[in-house]
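Asks: One file: model-v2.pdb (PDB, C-alpha atoms, pLDDT in the B column).
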ATOM      1  CA  MET A   1     135.755  14.333 -42.970  1.00 64.00           C
ATOM      2  CA  ALA A   2     136.042  14.312 -46.741  1.00 76.00           C
ATOM      3  CA  PRO A   3     138.981  12.172 -47.850  1.00 77.00           C
ATOM      4  CA  GLY A   4     138.016  12.253 -51.542  1.00 85.00           C
ATOM      5  CA  THR A   5     139.234  15.741 -52.315  1.00 83.00           C
ATOM      6  CA  GLY A   6     142.253  17.051 -54.156  1.00 80.00           C
ATOM      7  CA  THR A   7     143.082  19.533 -51.372  1.00 80.00           C
ATOM      8  CA  PRO A   8     142.250  18.088 -47.940  1.00 78.00           C
ATOM      9  CA  GLU A   9     142.133  20.612 -45.109  1.00 79.00           C
ATOM     10  CA  ALA A  10     143.316  19.591 -41.658  1.00 82.00           C
ATOM     11  CA  GLY A  11     140.904  20.673 -38.938  1.00 84.00           C
ATOM     12  CA  GLY A  12     138.116  21.461 -41.405  1.00 82.00           C
ATOM     13  CA  TRP A  13     134.399  21.315 -40.633  1.00 86.00           C
ATOM     14  CA  THR A  14     132.646  17.999 -40.254  1.00 86.00           C
ATOM     15  CA  SER A  15     129.643  17.155 -42.411  1.00 86.00           C
ATOM     16  CA  ARG A  16     127.450  17.544 -39.352  1.00 89.00           C
ATOM     17  CA  GLU A  17     128.675  21.091 -38.716  1.00 90.00           C
ATOM     18  CA  VAL A  18     128.146  22.090 -42.357  1.00 88.00           C
ATOM     19  CA  LYS A  19     124.631  20.643 -42.340  1.00 88.00           C
ATOM     20  CA  ARG A  20     123.759  22.613 -39.190  1.00 88.00           C
ATOM     21  CA  ILE A  21     125.050  25.840 -40.783  1.00 89.00           C
ATOM     22  CA  ILE A  22     123.122  25.252 -44.011  1.00 86.00           C
ATOM     23  CA  ARG A  23     119.888  24.588 -42.111  1.00 84.00           C
ATOM     24  CA  GLY A  24     120.390  27.848 -40.233  1.00 83.00           C
ATOM     25  CA  LEU A  25     120.519  29.742 -43.537  1.00 83.00           C
ATOM     26  CA  ALA A  26     116.897  28.907 -44.396  1.00 81.00           C
ATOM     27  CA  GLY A  27     114.866  32.012 -45.152  1.00 80.00           C
ATOM     28  CA  LEU A  28     117.748  33.942 -46.728  1.00 82.00           C
ATOM     29  CA  ASN A  29     117.599  34.872 -50.412  1.00 80.00           C
ATOM     30  CA  PHE A  30     120.021  32.387 -52.000  1.00 80.00           C
ATOM     31  CA  VAL A  31     120.121  31.915 -55.754  1.00 80.00           C
ATOM     32  CA  GLY A  32     122.592  29.031 -56.033  1.00 82.00           C
ATOM     33  CA  ALA A  33     125.193  26.766 -54.499  1.00 85.00           C
ATOM     34  CA  ASP A  34     128.315  24.963 -55.635  1.00 87.00           C
ATOM     35  CA  VAL A  35     130.048  21.783 -54.485  1.00 87.00           C
ATOM     36  CA  VAL A  36     133.647  21.463 -55.624  1.00 85.00           C
ATOM     37  CA  GLU A  37     136.623  19.171 -55.095  1.00 85.00           C
ATOM     38  CA  VAL A  38     134.954  15.773 -54.968  1.00 88.00           C
ATOM     39  CA  ALA A  39     137.640  13.599 -56.568  1.00 87.00           C
ATOM     40  CA  PRO A  40     136.460  10.013 -57.192  1.00 84.00           C
ATOM     41  CA  ALA A  41     140.070   8.858 -57.588  1.00 86.00           C
ATOM     42  CA  TYR A  42     140.719   9.647 -53.903  1.00 86.00           C
ATOM     43  CA  ASP A  43     137.271   8.669 -52.614  1.00 86.00           C
ATOM     44  CA  HIS A  44     137.851   4.944 -52.118  1.00 84.00           C
ATOM     45  CA  ALA A  45     134.689   4.283 -50.070  1.00 88.00           C
ATOM     46  CA  GLU A  46     132.501   7.025 -51.610  1.00 89.00           C
ATOM     47  CA  ILE A  47     132.452   8.827 -48.250  1.00 89.00           C
ATOM     48  CA  THR A  48     132.985  12.235 -49.830  1.00 89.00           C
ATOM     49  CA  ALA A  49     130.479  11.658 -52.635  1.00 91.00           C
ATOM     50  CA  ILE A  50     127.764  10.651 -50.165  1.00 92.00           C
ATOM     51  CA  ALA A  51     128.534  13.614 -47.894  1.00 91.00           C
ATOM     52  CA  ALA A  52     128.455  15.995 -50.884  1.00 91.00           C
ATOM     53  CA  ALA A  53     125.127  14.587 -52.090  1.00 93.00           C
ATOM     54  CA  ASP A  54     123.685  14.918 -48.572  1.00 93.00           C
ATOM     55  CA  ILE A  55     124.833  18.538 -48.325  1.00 91.00           C
ATOM     56  CA  VAL A  56     123.360  19.350 -51.752  1.00 92.00           C
ATOM     57  CA  HIS A  57     120.076  17.776 -50.615  1.00 92.00           C
ATOM     58  CA  ASP A  58     120.078  19.952 -47.477  1.00 90.00           C
ATOM     59  CA  PHE A  59     120.810  23.051 -49.528  1.00 88.00           C
ATOM     60  CA  LEU A  60     117.977  22.326 -51.973  1.00 87.00           C
ATOM     61  CA  SER A  61     115.635  21.660 -49.054  1.00 85.00           C
ATOM     62  CA  MET A  62     116.738  24.910 -47.411  1.00 82.00           C
ATOM     63  CA  LEU A  63     115.788  26.851 -50.551  1.00 80.00           C
ATOM     64  CA  MET A  64     112.175  25.704 -50.131  1.00 80.00           C
ATOM     65  CA  TYR A  65     111.688  27.264 -46.694  1.00 75.00           C
ATOM     66  CA  SER A  66     110.919  30.906 -46.059  1.00 68.00           C
ATOM     67  CA  GLU A  67     112.181  30.776 -42.455  1.00 69.00           C
ATOM     68  CA  PRO A  68     114.667  28.699 -40.448  1.00 64.00           C
ATOM     69  CA  PRO A  69     113.336  25.418 -39.030  1.00 63.00           C
ATOM     70  CA  LYS A  70     112.025  25.506 -35.486  1.00 71.00           C
ATOM     71  CA  PRO A  71     114.065  23.657 -32.833  1.00 70.00           C
ATOM     72  CA  ALA A  72     112.731  20.225 -31.919  1.00 69.00           C
ATOM     73  CA  ASN A  73     111.013  19.785 -28.571  1.00 74.00           C
ATOM     74  CA  LEU A  74     113.363  17.189 -27.155  1.00 65.00           C
ATOM     75  CA  PRO A  75     113.688  16.106 -23.528  1.00 68.00           C
ATOM     76  CA  SER A  76     115.499  18.730 -21.484  1.00 62.00           C
ATOM     77  CA  ARG A  77     119.130  19.162 -22.430  1.00 56.00           C
ATOM     78  CA  SER A  78     121.059  22.008 -20.980  1.00 58.00           C
ATOM     79  CA  MET A  79     123.328  22.430 -23.978  1.00 59.00           C
ATOM     80  CA  ASP A  80     123.652  21.487 -27.596  1.00 57.00           C
ATOM     81  CA  GLU A  81     126.088  18.764 -28.622  1.00 57.00           C
ATOM     82  CA  LEU A  82     128.044  21.171 -30.770  1.00 57.00           C
TER      83      LEU A  82
END
Show this structure as structure tokens.
Replies:
Amino acid sequence: MAPGTGTPEAGGWTSREVKRIIRGLAGLNFVGADVVEVAPAYDHAEITAIAAADIVHDFLSMLMYSEPPKPANLPSRSMDEL
């Protein structure tokens, strides 16, 4: 769901899926991250720029934790939405 890129990929991950993966990486020894291919010329509504900034925020937040976040205690759901 990132239209503002020079090389769009059909069937790629959604921002939600990427955020879930990044949050699951908390506690690993990462030393950096890189966001590429945000092309303002193709990003007419700044959808890609906002998604990229949100993913960078999640990655920086993930670097602060020494272990993955605990699952929330929500009302009983038999399965995850993803």
Asks: Check the smallest atom-to-atom distance from each of A:Leu63, A:Ala51, A:Pro3, A:Gly32 to Ser15 in chain A using all atoms listed in the file, then report the winner.
Replies: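 Of A:Leu63, A:Ala51, A:Pro3, A:Gly32, the one nearest Ser15 in chain A is A:Ala51, counting all atoms listed in the file.
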Asks: As a check of understanding, name the residues that the PyMOL selection byres ((chain A and resi 28) around 12) selects in the supplied structure, as a list in words.
Replies: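 Listing what the PyMOL selection byres ((chain A and resi 28) around 12) selects in the shown file: Ile22, Arg23, Gly24, Leu25, Ala26, Gly27, Asn29, Phe30, Val31, Gly32, Phe59, Met62, Leu63, Met64, Tyr65, Ser66, Glu67 and Pro68 of chain A.
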Asks: Just the number, please: distance in Å from CA of Asp54 in chain A to CA of Tyr42 in chain A, one decimal.
Replies: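 Pair CA of Asp54 in chain A / CA of Tyr42 in chain A returns 18.6 Å.
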Asks: With all atoms listed in the file as the counted atoms, please give the residues lying no more than 8 Å from range 33-41 of chain A, apart from itself and same-chain residues fewer than 2 positions off, as a VMD selection string.
Replies: chain A and resid 4 to 7 31 43 to 44 46 48 to 49 52 56 59
Asks: One number please: CA of Ile21 in chain A to CA of Ile47 in chain A, in Å, one decimal.
Replies: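 According to the coordinates, CA of Ile21 in chain A and CA of Ile47 in chain A are separated by 20.0 Å.
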Asks: CA of Glu17 in chain A and CA of Ile55 in chain A, how far apart in Å?
Replies: 10.7 Å
